[in-house]
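Colleague: Data file query.txt (compact mmCIF, C-alpha atoms) is appended below.
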# COMPACT_ATOMS: atom_id res chain seq x y z
CA MET A 1236 -42.95 145.91 -88.90
CA ASP A 1237 -41.12 145.68 -92.21
CA SER A 1238 -43.56 148.09 -93.86
CA LYS A 1239 -42.85 150.71 -91.16
CA ILE A 1240 -39.09 150.43 -91.80
CA ILE A 1241 -39.58 150.67 -95.57
CA HIS A 1242 -41.91 153.65 -95.12
CA ALA A 1243 -39.38 155.39 -92.84
CA ALA A 1244 -36.53 154.69 -95.29
CA CYS A 1245 -38.56 156.11 -98.19
CA MET A 1246 -39.46 159.21 -96.20
CA GLY A 1247 -35.80 159.70 -95.25
CA ALA A 1248 -34.72 159.36 -98.89
CA ALA A 1249 -37.40 161.82 -100.03
CA ILE A 1250 -36.36 164.36 -97.40
CA THR A 1251 -32.70 163.97 -98.42
CA VAL A 1252 -33.52 164.54 -102.10
CA MET A 1253 -35.62 167.61 -101.28
CA ALA A 1254 -32.93 169.07 -99.00
CA THR A 1255 -30.30 168.52 -101.70
CA GLY A 1256 -32.51 170.24 -104.29
CA VAL A 1257 -33.07 173.22 -102.00
CA ALA A 1258 -29.31 173.47 -101.34
CA ILE A 1259 -28.53 173.41 -105.09
CA ILE A 1260 -31.16 176.07 -105.85
CA GLU A 1261 -29.87 178.28 -103.05
CA GLN A 1262 -26.30 177.87 -104.27
CA GLU A 1263 -27.32 178.93 -107.80
CA ARG A 1264 -29.14 181.99 -106.46
CA ASN A 1265 -26.05 183.16 -104.61
CA ARG A 1266 -23.67 182.54 -107.50
CA ASN A 1267 -21.88 185.58 -108.92
CA TYR A 1268 -22.24 185.80 -112.67
CA ILE A 1269 -19.91 187.71 -114.93
CA PRO A 1270 -22.08 190.04 -117.01
CA ILE A 1271 -21.67 189.69 -120.74
CA GLU A 1272 -21.25 193.07 -122.35
CA PRO A 1273 -21.68 193.61 -126.07
CA ARG A 1274 -18.53 194.45 -127.98
CA ILE A 1275 -19.72 197.62 -129.61
CA ASN A 1276 -16.31 198.89 -130.64
CA ALA A 1277 -14.84 195.56 -131.72
CA ILE A 1278 -14.56 196.53 -135.38
CA ALA A 1279 -12.98 199.87 -134.52
CA GLN A 1280 -10.50 198.13 -132.22
CA GLN A 1281 -9.57 195.64 -134.92
CA GLU A 1282 -9.02 198.42 -137.45
CA PHE A 1283 -6.94 200.41 -134.95
CA TYR A 1284 -4.80 197.35 -134.23
CA MET A 1285 -4.12 196.66 -137.91
CA ASP A 1286 -3.42 200.33 -138.62
CA SER A 1287 -1.00 200.47 -135.69
CA ILE A 1288 1.00 197.72 -137.38
CA LEU A 1289 0.77 198.89 -140.98
CA ASN A 1290 0.93 202.68 -140.66
CA ARG A 1291 3.83 203.19 -138.25
CA GLY A 1292 6.46 202.76 -140.91
CA ASP A 1293 8.05 199.95 -142.84
CA ARG A 1294 10.53 199.08 -140.09
CA HIS A 1295 7.81 198.63 -137.45
CA CYS A 1296 5.73 196.55 -139.86
CA VAL A 1297 8.70 194.30 -140.65
CA GLU A 1298 9.35 193.87 -136.91
CA GLN A 1299 5.74 192.83 -136.33
CA ILE A 1300 4.85 190.67 -139.35
CA HIS A 1301 8.22 190.27 -141.13
CA MET A 1302 7.16 192.01 -144.33
CA LYS A 1303 6.48 195.49 -145.63
CA PRO A 1304 2.88 196.72 -145.95
CA VAL A 1305 3.07 196.72 -149.76
CA VAL A 1306 4.04 193.05 -149.74
CA LEU A 1307 1.22 192.28 -147.29
CA TYR A 1308 -1.35 193.95 -149.56
CA ASN A 1309 -0.01 192.01 -152.57
CA LEU A 1310 -0.19 188.75 -150.61
CA CYS A 1311 -3.79 189.49 -149.61
CA ASP A 1312 -4.65 190.20 -153.27
CA VAL A 1313 -3.08 186.91 -154.41
CA LEU A 1314 -4.87 184.90 -151.71
CA THR A 1315 -8.18 186.54 -152.61
CA SER A 1316 -7.83 186.20 -156.38
CA HIS A 1317 -7.03 182.49 -156.13
CA GLY A 1318 -9.94 181.90 -153.73
CA LEU A 1319 -7.64 180.66 -150.97
CA LEU A 1320 -8.94 183.09 -148.36
CA ARG A 1321 -12.09 185.11 -147.90
CA SER A 1322 -13.41 187.56 -145.37
CA THR A 1323 -15.80 186.44 -142.69
CA GLN A 1324 -18.40 188.45 -140.84
CA ASN A 1325 -15.94 189.23 -138.06
CA VAL A 1326 -12.46 189.07 -139.60
CA SER A 1327 -11.16 190.61 -142.80
CA ILE A 1328 -8.62 188.94 -145.06
CA ARG A 1329 -5.99 191.50 -144.10
CA GLU A 1330 -6.51 190.78 -140.39
CA GLN A 1331 -6.40 187.01 -140.94
CA VAL A 1332 -3.07 187.32 -142.74
CA ILE A 1333 -1.62 189.68 -140.10
CA VAL A 1334 -2.57 187.39 -137.24
CA PHE A 1335 -1.19 184.36 -139.07
CA LEU A 1336 2.10 186.12 -139.79
CA GLN A 1337 2.44 187.22 -136.18
CA ILE A 1338 1.87 183.69 -134.93
CA VAL A 1339 4.27 182.11 -137.42
CA GLY A 1340 6.84 184.88 -137.02
Take the structure in the file and write it out as structure tokens.
Modeller:
Amino acid sequence: MDSKIIHAACMGAAITVMATGVAIIEQERNRNYIPIEPRINAIAQQEFYMDSILNRGDRHCVEQIHMKPVVLYNLCDVLTSHGLLRSTQNVSIREQVIVFLQIVG
């Protein structure tokens, strides 16, 4: 009689595991995924953003990053010449400095 109870318990456990697996698979099938779209114009957007800060006049630039564009370019040159900052594949030195100054400012 004990073997029948053990057999029934094992069958019940197996059925529970299978039902749980089916429920998880079905839940994953019905899940809504956010499609990942390539950022084709990312570089153009970055350049537009930096130009909107630097080329709208000295006053606007000072309001945004607390320095004139000429000073920003000199700072970028100093950081580059001393090897303190370098461009990456995605972010130029000028953009790194602008973002830093906006955060600190």
Colleague: Would you kindly return, as a PDB file with C-alpha atoms, keeping the file's coordinate frame, each protein, DNA or RNA residue with an atom no farther than 12 Å from any atom of Asp1286 (chain A), considering all atoms listed in the file and excluding same-chain residues fewer than 6 positions away?
Modeller:
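Result file is selection-v3.pdb:
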ATOM      1  CA  ALA A1279     -12.980 199.870-134.520  1.00  0.00           C
ATOM      2  CA  GLN A1280     -10.500 198.130-132.220  1.00  0.00           C
ATOM      3  CA  GLY A1292       6.460 202.760-140.910  1.00  0.00           C
ATOM      4  CA  HIS A1295       7.810 198.630-137.450  1.00  0.00           C
ATOM      5  CA  CYS A1296       5.730 196.550-139.860  1.00  0.00           C
ATOM      6  CA  PRO A1304       2.880 196.720-145.950  1.00  0.00           C
ATOM      7  CA  ARG A1329      -5.990 191.500-144.100  1.00  0.00           C
ATOM      8  CA  GLU A1330      -6.510 190.780-140.390  1.00  0.00           C
ATOM      9  CA  ILE A1333      -1.620 189.680-140.100  1.00  0.00           C
TER      10      ILE A1333
END
Colleague: Quick one: distance from CA of Leu1289 (chain A) to CA of Leu1319 (chain A) in Å, one decimal?
Modeller: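 These two atoms are separated by 22.4 Å.
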Colleague: Select, from A:Met1253, A:Ile1259, A:Val1334, A:Gly1340, the residue with the minimum atom-to-atom distance to Ile1288 (chain A), counting only C-alpha atoms.
Modeller: A:Val1334
Colleague: Figure out the distance between CA of Tyr1284 (chain A) and CA of Leu1336 (chain A), please, to one decimal in Å.
Modeller: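 Those two atoms sit 14.3 Å apart.
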Colleague: Please report the interatomic distance between CA of Asn1276 (chain A) and CA of His1301 (chain A) in Å with one decimal.
Modeller: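 The value is 28.0 Å.
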Colleague: Using all atoms of region 1311-1330 of chain A listed in the file and a margin of 5 Å per side, can you give the axis-aligned box centre and edge lengths in Å to one decimal, as AutoDock Vina command-line options?
Modeller:
--center_x -10.7 --center_y 186.1 --center_z -147.2 --size_x 25.3 --size_y 20.8 --size_z 28.3
Colleague: Measuring atom to atom with only C-alpha atoms, identify which of A:Val1332, A:Glu1282, A:Val1326, A:Arg1321 is nearest to Tyr1308 (chain A).
Modeller: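 Residue with the minimum atom-to-atom distance to Tyr1308 (chain A): A:Val1332.
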Colleague: With distances taken over only C-alpha atoms, which of A:Ile1240, A:Phe1335, A:Ala1277, A:Ala1248 is nearest to Gln1299 (chain A)?
Modeller: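 Going through A:Ile1240, A:Phe1335, A:Ala1277, A:Ala1248 one by one, the smallest distance to Gln1299 (chain A) is for A:Phe1335.
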Colleague: Export chain A, C-alpha atoms, as a compact mmCIF listing (two decimals), in the first residue's frame; it's the structure right above.
Modeller:
# COMPACT_ATOMS: atom_id res chain seq x y z
CA MET A 1236 0.00 0.00 0.00
CA ASP A 1237 2.88 2.36 0.69
CA SER A 1238 4.20 1.96 -2.86
CA LYS A 1239 0.81 3.02 -4.29
CA ILE A 1240 0.86 6.19 -2.15
CA ILE A 1241 4.45 6.98 -3.16
CA HIS A 1242 3.61 6.34 -6.82
CA ALA A 1243 0.55 8.62 -6.60
CA ALA A 1244 2.58 11.36 -4.86
CA CYS A 1245 5.28 11.18 -7.54
CA MET A 1246 2.71 11.34 -10.32
CA GLY A 1247 1.06 14.34 -8.65
CA ALA A 1248 4.41 16.12 -8.33
CA ALA A 1249 5.29 15.39 -11.96
CA ILE A 1250 1.93 16.71 -13.15
CA THR A 1251 2.37 19.86 -11.04
CA VAL A 1252 5.85 20.51 -12.48
CA MET A 1253 4.59 19.98 -16.04
CA ALA A 1254 1.58 22.27 -15.50
CA THR A 1255 3.84 24.97 -14.04
CA GLY A 1256 6.20 24.69 -17.02
CA VAL A 1257 3.32 24.99 -19.48
CA ALA A 1258 1.99 28.05 -17.60
CA ILE A 1259 5.43 29.74 -17.68
CA ILE A 1260 5.88 29.04 -21.40
CA GLU A 1261 2.41 30.37 -22.16
CA GLN A 1262 3.06 33.49 -20.11
CA GLU A 1263 6.29 34.16 -22.04
CA ARG A 1264 4.50 33.72 -25.37
CA ASN A 1265 1.90 36.32 -24.44
CA ARG A 1266 4.40 38.83 -23.08
CA ASN A 1267 4.62 42.17 -24.88
CA TYR A 1268 8.18 43.05 -25.79
CA ILE A 1269 9.41 46.54 -26.48
CA PRO A 1270 11.11 46.44 -29.87
CA ILE A 1271 14.68 47.69 -29.91
CA GLU A 1272 15.21 50.11 -32.74
CA PRO A 1273 18.66 51.08 -33.95
CA ARG A 1274 19.70 54.64 -33.26
CA ILE A 1275 20.60 55.62 -36.78
CA ASN A 1276 20.65 59.37 -36.18
CA ALA A 1277 22.32 59.30 -32.78
CA ILE A 1278 25.48 61.04 -33.96
CA ALA A 1279 23.49 63.71 -35.80
CA GLN A 1280 21.36 64.28 -32.69
CA GLN A 1281 24.44 64.63 -30.51
CA GLU A 1282 25.99 67.14 -32.90
CA PHE A 1283 22.73 69.10 -33.10
CA TYR A 1284 22.51 69.21 -29.31
CA MET A 1285 26.06 70.50 -28.90
CA ASP A 1286 25.62 73.04 -31.70
CA SER A 1287 22.40 74.28 -30.12
CA ILE A 1288 24.40 75.12 -27.00
CA LEU A 1289 27.54 76.51 -28.62
CA ASN A 1290 26.18 78.36 -31.65
CA ARG A 1291 23.26 80.32 -30.20
CA GLY A 1292 25.45 83.06 -28.82
CA ASP A 1293 27.78 83.59 -25.91
CA ARG A 1294 24.99 84.45 -23.48
CA HIS A 1295 23.07 81.23 -24.16
CA CYS A 1296 26.26 79.19 -23.87
CA VAL A 1297 27.12 80.82 -20.53
CA GLU A 1298 23.59 80.08 -19.29
CA GLN A 1299 23.93 76.41 -20.25
CA ILE A 1300 27.52 75.51 -19.36
CA HIS A 1301 28.74 78.63 -17.49
CA MET A 1302 31.49 79.49 -19.97
CA LYS A 1303 31.89 80.96 -23.43
CA PRO A 1304 32.47 78.65 -26.40
CA VAL A 1305 36.06 79.89 -26.85
CA VAL A 1306 36.87 78.94 -23.27
CA LEU A 1307 35.23 75.53 -23.77
CA TYR A 1308 37.37 74.84 -26.84
CA ASN A 1309 40.52 75.88 -24.95
CA LEU A 1310 39.57 73.62 -22.04
CA CYS A 1311 39.04 70.70 -24.42
CA ASP A 1312 42.45 71.37 -25.99
CA VAL A 1313 44.16 71.43 -22.58
CA LEU A 1314 42.45 68.20 -21.46
CA THR A 1315 43.42 66.50 -24.71
CA SER A 1316 47.03 67.70 -24.79
CA HIS A 1317 47.66 66.53 -21.22
CA GLY A 1318 46.04 63.14 -21.92
CA LEU A 1319 43.37 63.67 -19.28
CA LEU A 1320 40.47 63.01 -21.61
CA ARG A 1321 40.02 61.22 -24.92
CA SER A 1322 37.18 60.57 -27.30
CA THR A 1323 35.35 57.28 -27.24
CA GLN A 1324 33.50 55.55 -30.03
CA ASN A 1325 30.23 57.18 -28.98
CA VAL A 1326 31.14 60.43 -27.22
CA SER A 1327 33.54 63.16 -28.29
CA ILE A 1328 35.70 65.13 -25.87
CA ARG A 1329 33.64 68.25 -26.47
CA GLU A 1330 30.41 66.42 -25.61
CA GLN A 1331 31.94 64.86 -22.48
CA VAL A 1332 32.99 68.29 -21.23
CA ILE A 1333 29.61 69.87 -22.06
CA VAL A 1334 27.68 67.17 -20.24
CA PHE A 1335 30.00 67.40 -17.24
CA LEU A 1336 29.65 71.17 -17.07
CA GLN A 1337 25.87 70.95 -17.29
CA ILE A 1338 25.74 68.43 -14.46
CA VAL A 1339 28.11 70.38 -12.23
CA GLY A 1340 26.55 73.73 -13.12
